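So this block is coords-v4.pdb, PDB, C-alpha atoms:
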```pdb
ATOM      1  CA  MET A 860    -161.295 -98.323 -93.468
ATOM      2  CA  LYS A 861    -163.003 -96.840 -96.437
ATOM      3  CA  PRO A 862    -166.777 -96.633 -96.669
ATOM      4  CA  GLY A 863    -167.993 -98.814 -99.496
ATOM      5  CA  HIS A 864    -164.707-100.681 -99.732
ATOM      6  CA  GLY A 865    -163.647-101.748 -96.267
ATOM      7  CA  GLU A 866    -159.991-102.256 -95.597
ATOM      8  CA  VAL A 867    -157.601-100.561 -98.010
ATOM      9  CA  LEU A 868    -153.828-100.739 -97.713
ATOM     10  CA  LEU A 869    -152.538 -97.162 -97.803
ATOM     11  CA  ALA A 870    -148.823 -97.607 -97.291
ATOM     12  CA  GLU A 871    -146.447-100.111 -95.872
ATOM     13  CA  GLY A 872    -142.783-100.134 -95.094
ATOM     14  CA  ASP A 873    -140.101-100.471 -92.499
ATOM     15  CA  PRO A 874    -140.020 -97.413 -90.211
ATOM     16  CA  GLY A 875    -136.354 -98.140 -89.685
ATOM     17  CA  VAL A 876    -135.633 -97.338 -93.317
ATOM     18  CA  GLN A 877    -135.573 -93.601 -93.917
ATOM     19  CA  GLU A 878    -137.305 -93.669 -97.307
ATOM     20  CA  ASP A 879    -140.053 -95.913 -95.992
ATOM     21  CA  GLU A 880    -140.528 -93.818 -92.897
ATOM     22  CA  GLU A 881    -140.868 -90.604 -94.913
ATOM     23  CA  ARG A 882    -143.555 -92.277 -96.989
ATOM     24  CA  LEU A 883    -145.343 -93.542 -93.887
ATOM     25  CA  VAL A 884    -145.208 -90.126 -92.221
ATOM     26  CA  GLU A 885    -146.548 -88.468 -95.354
ATOM     27  CA  GLU A 886    -149.460 -90.893 -95.599
ATOM     28  CA  PHE A 887    -150.148 -90.576 -91.876
ATOM     29  CA  ARG A 888    -150.393 -86.797 -92.152
ATOM     30  CA  ARG A 889    -152.512 -86.985 -95.264
ATOM     31  CA  GLN A 890    -155.044 -89.228 -93.572
ATOM     32  CA  LEU A 891    -155.286 -87.008 -90.506
ATOM     33  CA  ASP A 892    -155.577 -83.928 -92.708
ATOM     34  CA  GLU A 893    -158.545 -85.590 -94.391
ATOM     35  CA  GLY A 894    -160.180 -85.838 -90.997
ATOM     36  CA  MET A 895    -159.619 -89.505 -90.291
ATOM     37  CA  TRP A 896    -158.909 -90.888 -86.860
ATOM     38  CA  ALA A 897    -155.914 -93.144 -86.385
ATOM     39  CA  ALA A 898    -155.772 -95.987 -83.915
ATOM     40  CA  VAL A 899    -153.411 -98.799 -83.049
ATOM     41  CA  PRO A 900    -154.770-102.041 -81.572
ATOM     42  CA  VAL A 901    -152.716-102.866 -78.490
ATOM     43  CA  THR A 902    -152.766-105.069 -75.438
ATOM     44  CA  ASN A 903    -152.989-103.043 -72.246
ATOM     45  CA  PRO A 904    -149.859-103.949 -70.270
ATOM     46  CA  GLY A 905    -151.668-103.444 -66.964
ATOM     47  CA  SER A 906    -154.916-105.289 -67.486
ATOM     48  CA  GLY A 907    -153.982-107.482 -70.433
ATOM     49  CA  ARG A 908    -157.098-106.270 -72.236
ATOM     50  CA  ARG A 909    -157.196-105.691 -75.945
ATOM     51  CA  GLU A 910    -157.961-102.091 -76.719
ATOM     52  CA  ALA A 911    -157.163 -99.366 -79.186
ATOM     53  CA  GLN A 912    -154.851 -96.447 -78.709
ATOM     54  CA  MET A 913    -155.646 -93.269 -80.591
ATOM     55  CA  VAL A 914    -152.634 -91.607 -82.164
ATOM     56  CA  LYS A 915    -152.574 -87.987 -83.236
ATOM     57  CA  ARG A 916    -148.917 -87.744 -84.189
ATOM     58  CA  TYR A 917    -146.682 -90.148 -86.003
ATOM     59  CA  THR A 918    -144.351 -90.188 -83.017
ATOM     60  CA  ASP A 919    -147.234 -91.380 -80.802
ATOM     61  CA  ILE A 920    -147.316 -94.710 -82.603
ATOM     62  CA  PRO A 921    -145.982 -97.437 -80.292
ATOM     63  CA  PRO A 922    -142.657 -98.646 -81.706
ATOM     64  CA  ASP A 923    -143.700-102.285 -81.880
ATOM     65  CA  SER A 924    -146.946-101.575 -83.752
ATOM     66  CA  GLU A 925    -147.538-103.580 -86.871
ATOM     67  CA  ARG A 926    -150.199-101.286 -88.271
ATOM     68  CA  VAL A 927    -152.160 -98.115 -87.850
ATOM     69  CA  ILE A 928    -155.843 -98.200 -88.728
ATOM     70  CA  PHE A 929    -157.472 -95.061 -90.080
ATOM     71  CA  PHE A 930    -161.203 -94.711 -89.863
ATOM     72  CA  PRO A 931    -163.696 -91.887 -90.364
ATOM     73  CA  ARG A 932    -164.239 -89.807 -87.271
ATOM     74  CA  ALA A 933    -167.421 -90.447 -85.365
ATOM     75  CA  SER A 934    -170.372 -88.147 -85.576
ATOM     76  CA  GLY A 935    -173.870 -88.227 -84.220
ATOM     77  CA  GLY A 936    -176.054 -90.536 -86.218
TER      78      GLY A 936
ATOM     79  CA  MET B1236    -190.260-123.995-114.593
ATOM     80  CA  LEU B1237    -190.538-120.345-115.559
ATOM     81  CA  LEU B1238    -189.351-119.339-112.109
ATOM     82  CA  ALA B1239    -186.328-121.608-112.405
ATOM     83  CA  LEU B1240    -185.476-120.107-115.808
ATOM     84  CA  LEU B1241    -185.786-116.618-114.397
ATOM     85  CA  ALA B1242    -183.555-117.527-111.464
ATOM     86  CA  LEU B1243    -180.983-119.023-113.824
ATOM     87  CA  ALA B1244    -181.081-115.916-115.992
ATOM     88  CA  LEU B1245    -180.571-113.733-112.934
ATOM     89  CA  VAL B1246    -177.598-115.792-111.755
ATOM     90  CA  ALA B1247    -176.084-115.697-115.252
ATOM     91  CA  LEU B1248    -176.555-111.929-115.367
ATOM     92  CA  VAL B1249    -174.867-111.426-111.999
ATOM     93  CA  LEU B1250    -171.964-113.692-112.961
ATOM     94  CA  ALA B1251    -171.541-111.875-116.258
ATOM     95  CA  MET B1252    -171.388-108.401-114.712
ATOM     96  CA  PRO B1253    -167.609-108.307-114.084
ATOM     97  CA  LEU B1254    -167.002-109.547-117.629
ATOM     98  CA  VAL B1255    -169.328-106.919-119.065
ATOM     99  CA  GLN B1256    -167.630-104.227-117.042
ATOM    100  CA  ARG B1257    -164.200-105.317-118.236
ATOM    101  CA  ARG B1258    -165.366-105.329-121.881
ATOM    102  CA  LEU B1259    -166.929-101.923-121.404
ATOM    103  CA  ASP B1260    -163.696-100.553-119.937
ATOM    104  CA  GLU B1261    -161.702-102.014-122.857
ATOM    105  CA  TRP B1262    -164.154-100.550-125.352
ATOM    106  CA  ARG B1263    -163.954 -97.141-123.686
ATOM    107  CA  ALA B1264    -160.173 -97.269-123.723
ATOM    108  CA  ARG B1265    -160.124 -98.127-127.450
ATOM    109  CA  ARG B1266    -162.525 -95.364-128.457
ATOM    110  CA  PRO B1267    -160.788 -92.445-130.103
ATOM    111  CA  GLU B1268    -160.745 -89.301-128.012
ATOM    112  CA  ARG B1269    -162.756 -87.270-130.521
ATOM    113  CA  ALA B1270    -165.563 -89.800-130.654
ATOM    114  CA  ARG B1271    -166.383 -89.339-127.009
ATOM    115  CA  PRO B1272    -169.169 -86.944-126.194
ATOM    116  CA  ALA B1273    -168.251 -83.995-124.024
ATOM    117  CA  ALA B1274    -170.437 -85.185-121.196
ATOM    118  CA  ASP B1275    -168.561 -88.465-121.066
ATOM    119  CA  ALA B1276    -165.681 -86.768-119.287
ATOM    120  CA  THR B1277    -167.834 -85.910-116.312
ATOM    121  CA  LEU B1278    -170.231 -88.831-116.347
ATOM    122  CA  ASP B1279    -168.743 -91.596-114.235
ATOM    123  CA  LEU B1280    -170.956 -94.590-114.655
ATOM    124  CA  GLU B1281    -169.761 -97.131-112.153
ATOM    125  CA  LEU B1282    -171.364-100.476-112.731
ATOM    126  CA  TYR B1283    -172.590-102.173-109.635
ATOM    127  CA  ASP B1284    -170.373-105.020-108.557
ATOM    128  CA  PRO B1285    -172.523-107.348-106.441
ATOM    129  CA  GLY B1286    -169.473-109.039-104.963
ATOM    130  CA  ARG B1287    -167.692-105.906-103.805
ATOM    131  CA  GLU B1288    -169.627-105.434-100.596
ATOM    132  CA  ARG B1289    -169.373-109.118 -99.754
ATOM    133  CA  ARG B1290    -165.614-109.076-100.275
ATOM    134  CA  ALA B1291    -165.313-105.880 -98.239
ATOM    135  CA  GLU B1292    -167.253-107.477 -95.399
ATOM    136  CA  GLN B1293    -165.032-110.566 -95.491
ATOM    137  CA  ARG B1294    -161.943-108.368 -95.201
ATOM    138  CA  ALA B1295    -163.591-106.373 -92.432
ATOM    139  CA  ARG B1296    -164.335-109.529 -90.449
ATOM    140  CA  GLU B1297    -160.719-110.609 -90.702
ATOM    141  CA  LEU B1298    -159.555-107.183 -89.593
ATOM    142  CA  LEU B1299    -161.942-107.181 -86.640
ATOM    143  CA  ARG B1300    -160.840-110.656 -85.651
ATOM    144  CA  SER B1301    -157.196-109.582 -85.690
ATOM    145  CA  CYS B1302    -157.867-106.613 -83.394
ATOM    146  CA  VAL B1303    -160.210-107.821 -80.663
ATOM    147  CA  ASN B1304    -159.601-110.669 -78.265
ATOM    148  CA  GLU B1305    -160.822-114.203 -78.701
ATOM    149  CA  GLU B1306    -163.878-113.795 -76.499
ATOM    150  CA  GLU B1307    -165.031-110.633 -78.237
ATOM    151  CA  TRP B1308    -164.562-112.220 -81.630
ATOM    152  CA  GLY B1309    -166.566-115.262 -80.554
ATOM    153  CA  MET B1310    -169.277-112.977 -79.222
ATOM    154  CA  TYR B1311    -169.536-111.128 -82.515
ATOM    155  CA  ARG B1312    -169.409-114.298 -84.595
ATOM    156  CA  ASP B1313    -172.080-116.058 -82.552
ATOM    157  CA  LEU B1314    -174.315-113.221 -81.373
ATOM    158  CA  GLY B1315    -173.725-110.370 -83.825
ATOM    159  CA  PHE B1316    -172.550-107.777 -81.308
ATOM    160  CA  ILE B1317    -169.647-107.054 -78.974
ATOM    161  CA  ARG B1318    -169.735-105.945 -75.358
ATOM    162  CA  VAL B1319    -167.317-103.242 -74.268
ATOM    163  CA  SER B1320    -166.885-102.321 -70.621
ATOM    164  CA  GLY B1321    -167.348 -98.717 -69.537
ATOM    165  CA  ARG B1322    -164.209 -97.160 -68.166
ATOM    166  CA  HIS B1323    -165.719 -94.999 -65.481
ATOM    167  CA  ALA B1324    -166.512 -96.283 -62.018
ATOM    168  CA  ARG B1325    -169.211 -94.914 -59.744
ATOM    169  CA  ARG B1326    -167.038 -95.279 -56.694
ATOM    170  CA  ASP B1327    -163.430 -96.109 -56.090
ATOM    171  CA  ILE B1328    -164.362 -99.462 -54.617
ATOM    172  CA  ASP B1329    -165.979-100.396 -57.935
ATOM    173  CA  ARG B1330    -162.687-100.137 -59.742
ATOM    174  CA  GLY B1331    -161.253-103.454 -60.728
ATOM    175  CA  ALA B1332    -164.482-105.297 -60.022
ATOM    176  CA  ARG B1333    -167.439-105.651 -62.346
ATOM    177  CA  PRO B1334    -167.802-102.486 -64.430
ATOM    178  CA  ALA B1335    -170.560-100.107 -63.415
ATOM    179  CA  TYR B1336    -171.846-100.093 -66.982
ATOM    180  CA  ALA B1337    -171.067-101.583 -70.347
ATOM    181  CA  TYR B1338    -171.956-101.084 -73.980
ATOM    182  CA  LEU B1339    -173.402-103.367 -76.592
ATOM    183  CA  VAL B1340    -171.899-102.567 -79.968
ATOM    184  CA  TYR B1341    -174.049-103.514 -82.952
ATOM    185  CA  PRO B1342    -173.189-103.004 -86.616
ATOM    186  CA  HIS B1343    -174.926 -99.940 -88.056
ATOM    187  CA  LYS B1344    -177.113 -99.528 -84.995
ATOM    188  CA  PRO B1345    -176.822 -97.357 -81.909
ATOM    189  CA  ILE B1346    -174.485 -98.319 -79.089
ATOM    190  CA  VAL B1347    -176.500 -99.379 -76.051
ATOM    191  CA  ALA B1348    -175.325 -98.616 -72.525
ATOM    192  CA  TYR B1349    -176.577-100.867 -69.763
ATOM    193  CA  VAL B1350    -175.825-101.999 -66.205
ATOM    194  CA  PRO B1351    -174.372-105.528 -66.277
ATOM    195  CA  GLU B1352    -175.323-106.177 -62.685
ATOM    196  CA  SER B1353    -179.028-105.543 -63.116
ATOM    197  CA  GLY B1354    -179.498-105.625 -66.882
ATOM    198  CA  GLN B1355    -181.006-102.139 -66.733
ATOM    199  CA  LEU B1356    -180.863-100.365 -70.079
ATOM    200  CA  LEU B1357    -179.486 -96.853 -69.751
ATOM    201  CA  SER B1358    -179.412 -95.151 -73.112
ATOM    202  CA  GLU B1359    -178.598 -95.562 -76.757
ATOM    203  CA  TYR B1360    -175.892 -93.575 -78.505
ATOM    204  CA  CYS B1361    -176.391 -92.965 -82.197
ATOM    205  CA  VAL B1362    -173.023 -92.696 -83.849
ATOM    206  CA  GLU B1363    -171.843 -93.141 -87.396
ATOM    207  CA  PHE B1364    -168.605 -92.948 -89.313
ATOM    208  CA  PRO B1365    -169.489 -90.951 -92.400
ATOM    209  CA  ASP B1366    -167.721 -91.033 -95.711
ATOM    210  CA  LEU B1367    -165.171 -88.194 -95.727
ATOM    211  CA  THR B1368    -163.996 -88.761 -99.269
ATOM    212  CA  GLY B1369    -166.499 -86.407-100.812
ATOM    213  CA  SER B1370    -168.546 -89.040-102.591
ATOM    214  CA  GLY B1371    -171.712 -87.583-101.168
ATOM    215  CA  GLY B1372    -172.016 -90.011 -98.289
ATOM    216  CA  ARG B1373    -173.366 -92.719-100.539
ATOM    217  CA  HIS B1374    -171.319 -95.432 -98.941
ATOM    218  CA  ARG B1375    -170.963 -96.671 -95.417
ATOM    219  CA  LEU B1376    -168.485 -98.934 -93.727
ATOM    220  CA  PRO B1377    -168.967-102.687 -93.973
ATOM    221  CA  ALA B1378    -170.797-104.017 -90.922
ATOM    222  CA  SER B1379    -167.719-105.475 -89.229
ATOM    223  CA  ASP B1380    -165.698-102.315 -89.879
ATOM    224  CA  ASP B1381    -168.477-100.298 -88.239
ATOM    225  CA  VAL B1382    -168.229-102.524 -85.161
ATOM    226  CA  LEU B1383    -164.439-102.239 -85.155
ATOM    227  CA  ALA B1384    -164.585 -98.456 -85.474
ATOM    228  CA  LYS B1385    -166.946 -98.278 -82.497
ATOM    229  CA  TRP B1386    -164.774-100.700 -80.533
ATOM    230  CA  MET B1387    -161.641 -98.657 -81.258
ATOM    231  CA  ALA B1388    -163.356 -95.394 -80.427
ATOM    232  CA  LEU B1389    -164.811 -96.710 -77.155
ATOM    233  CA  THR B1390    -161.703 -98.484 -75.923
ATOM    234  CA  SER B1391    -159.352 -95.635 -76.808
ATOM    235  CA  ASP B1392    -161.356 -92.519 -76.032
ATOM    236  CA  GLU B1393    -164.760 -93.365 -74.663
ATOM    237  CA  ASP B1394    -165.579 -89.823 -73.615
ATOM    238  CA  ARG B1395    -164.922 -88.387 -77.043
ATOM    239  CA  VAL B1396    -167.119 -90.809 -78.934
ATOM    240  CA  ILE B1397    -169.920 -90.513 -76.390
ATOM    241  CA  ARG B1398    -169.716 -86.713 -76.595
ATOM    242  CA  ARG B1399    -170.061 -86.868 -80.360
ATOM    243  CA  ALA B1400    -172.953 -89.320 -80.323
ATOM    244  CA  ASN B1401    -176.608 -88.399 -80.130
ATOM    245  CA  MET B1402    -177.959 -89.826 -76.913
ATOM    246  CA  HIS B1403    -181.510 -91.077 -76.568
ATOM    247  CA  LEU B1404    -183.428 -93.296 -74.230
ATOM    248  CA  VAL B1405    -183.414 -96.889 -75.375
ATOM    249  CA  GLY B1406    -186.316 -97.427 -77.698
ATOM    250  CA  ARG B1407    -185.780 -94.679 -80.226
ATOM    251  CA  GLN B1408    -184.069 -96.933 -82.763
ATOM    252  CA  LEU B1409    -183.658-100.212 -80.965
ATOM    253  CA  ASP B1410    -186.434-102.309 -79.557
ATOM    254  CA  PRO B1411    -185.787-102.609 -75.784
ATOM    255  CA  ALA B1412    -187.268-106.102 -75.791
ATOM    256  CA  ARG B1413    -184.764-107.133 -78.418
ATOM    257  CA  VAL B1414    -181.856-105.663 -76.452
ATOM    258  CA  ARG B1415    -183.014-107.507 -73.325
ATOM    259  CA  ARG B1416    -183.223-110.671 -75.358
ATOM    260  CA  ASP B1417    -179.671-110.036 -76.565
ATOM    261  CA  LEU B1418    -178.519-109.652 -72.961
ATOM    262  CA  TRP B1419    -180.159-112.967 -72.165
ATOM    263  CA  ARG B1420    -178.490-114.544 -75.207
ATOM    264  CA  LEU B1421    -175.179-113.130 -74.046
ATOM    265  CA  ALA B1422    -175.632-114.590 -70.572
ATOM    266  CA  GLU B1423    -176.502-117.960 -72.070
ATOM    267  CA  TRP B1424    -173.557-117.759 -74.428
ATOM    268  CA  GLU B1425    -171.213-117.062 -71.546
ATOM    269  CA  ARG B1426    -172.727-119.837 -69.489
ATOM    270  CA  ARG B1427    -172.194-122.268 -72.331
ATOM    271  CA  ARG B1428    -168.623-121.142 -72.707
ATOM    272  CA  GLY B1429    -168.121-121.705 -69.031
ATOM    273  CA  ASN B1430    -166.955-118.152 -68.712
ATOM    274  CA  ARG B1431    -167.074-117.272 -65.056
ATOM    275  CA  HIS B1432    -165.218-113.998 -65.318
ATOM    276  CA  GLN B1433    -166.863-111.136 -63.505
ATOM    277  CA  VAL B1434    -165.140-108.570 -65.692
ATOM    278  CA  PRO B1435    -166.862-108.707 -69.074
ATOM    279  CA  GLN B1436    -164.002-107.520 -71.226
ATOM    280  CA  SER B1437    -161.858-110.594 -71.349
ATOM    281  CA  GLN B1438    -158.178-110.735 -71.004
ATOM    282  CA  ARG B1439    -155.661-112.402 -73.173
TER     283      ARG B1439
END
```
Please render this file's structure as structure tokens.
Amino acid sequence: MKPGHGEVLLAEGDPGVQEDEERLVEEFRRQLDEGMWAAVPVTNPGSGRREAQMVKRYTDIPPDSERVIFFPRASGG
Amino acid sequence: MLLALLALALVALVLAMPLVQRRLDEWRARRPERARPAADATLDLELYDPGRERRAEQRARELLRSCVNEEEWGMYRDLGFIRVSGRHARRDIDRGARPAYAYLVYPHKPIVAYVPESGQLLSEYCVEFPDLTGSGGRHRLPASDDVLAKWMALTSDEDRVIRRANMHLVGRQLDPARVRRDLWRLAEWERRRGNRHQVPQSQR
């Protein structure tokens, strides 16, 4: 999510392909270095609720995730 | 008659803006390097695109819809806010039953905490997601992205977002009467939907 623009596609690829994964990892790190938060929308296996899971490392991303959403970190308004 | 002509002229102007911008870009690209004034290199005149924010909001709505469940999406579409259950319970026996508290998430307004059982308003949490790209904070997220960001932050790490927010009693930014009216609208909306769930955050 980019202020003023909304959703912007940063990178896409198949994590199973080494070249794609390197690109995805690089973009993931870049976004976190810029101070963004990363979250993956998931369904809680216990409750069945929809919720988000924050990810701080690329390896934290659930394997079956289709996307990671980056958004500016929250601050007091 | 004059008003109609003015309105037509305004519409024509708005419709012509993308074309003008494209022509201007082409003209700039054709200009020889030496003909450009020195200041031109630093002066970035971005013409206002009246459709950009609308398109961004449309994309944001689709993104929000794809992330939340059907009930939450319907709530946002019909009422303009989403309810998120609080994760903490007052007592162990409260766990699994109706949540002790919940939040109302509005676009570009504070998050409101309240007690679903009694409707008591607890506090409002002012939180924003500022532009980190260095553009001087001129822009903000589209409304639906702001709601999604709050939803993601609350459902993934409630404590962190609440710690970062500025907490006030309800009434600092939001009119308590309006929030109570929204709670009534929510109850009516749920009644109409025939939703008898005790746990507000629906399940898929």
Evaluating the ChimeraX specification (/A :<7) & /B on the displayed file yields which residues, as a PyMOL selection string? chain B and resi 1288+1291-1292+1294-1295+1302-1304+1361-1367+1374-1377+1380+1384+1387+1390-1391+1396+1399-1401+1437-1439
Would you list the contacts of A:Arg882 as a PyMOL selection string, taking every protein, DNA or RNA residue within 12 Å and counting all atoms listed in the file, but skipping same-chain residues closer than 4 positions in sequence? chain A and resi 869-878+886-889+917
Using all atoms of stretch 867-877 of chain A listed in the file and a margin of 3 Å per side, can you give the axis-aligned box centre and edge lengths in Å to one decimal, as lines of an AutoDock Vina configuration file?
```
center_x = -146.6
center_y = -97.2
center_z = -93.8
size_x = 28.0
size_y = 13.1
size_z = 14.3
```
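Atom pair atom CA of B:Glu1297 / atom CA of B:Lys1385 has a distance of 16.1 Å (rounded to one decimal).
The two atoms in question, atom CA of B:Tyr1336 and atom CA of B:Val1319, are spaced 9.1 Å apart.
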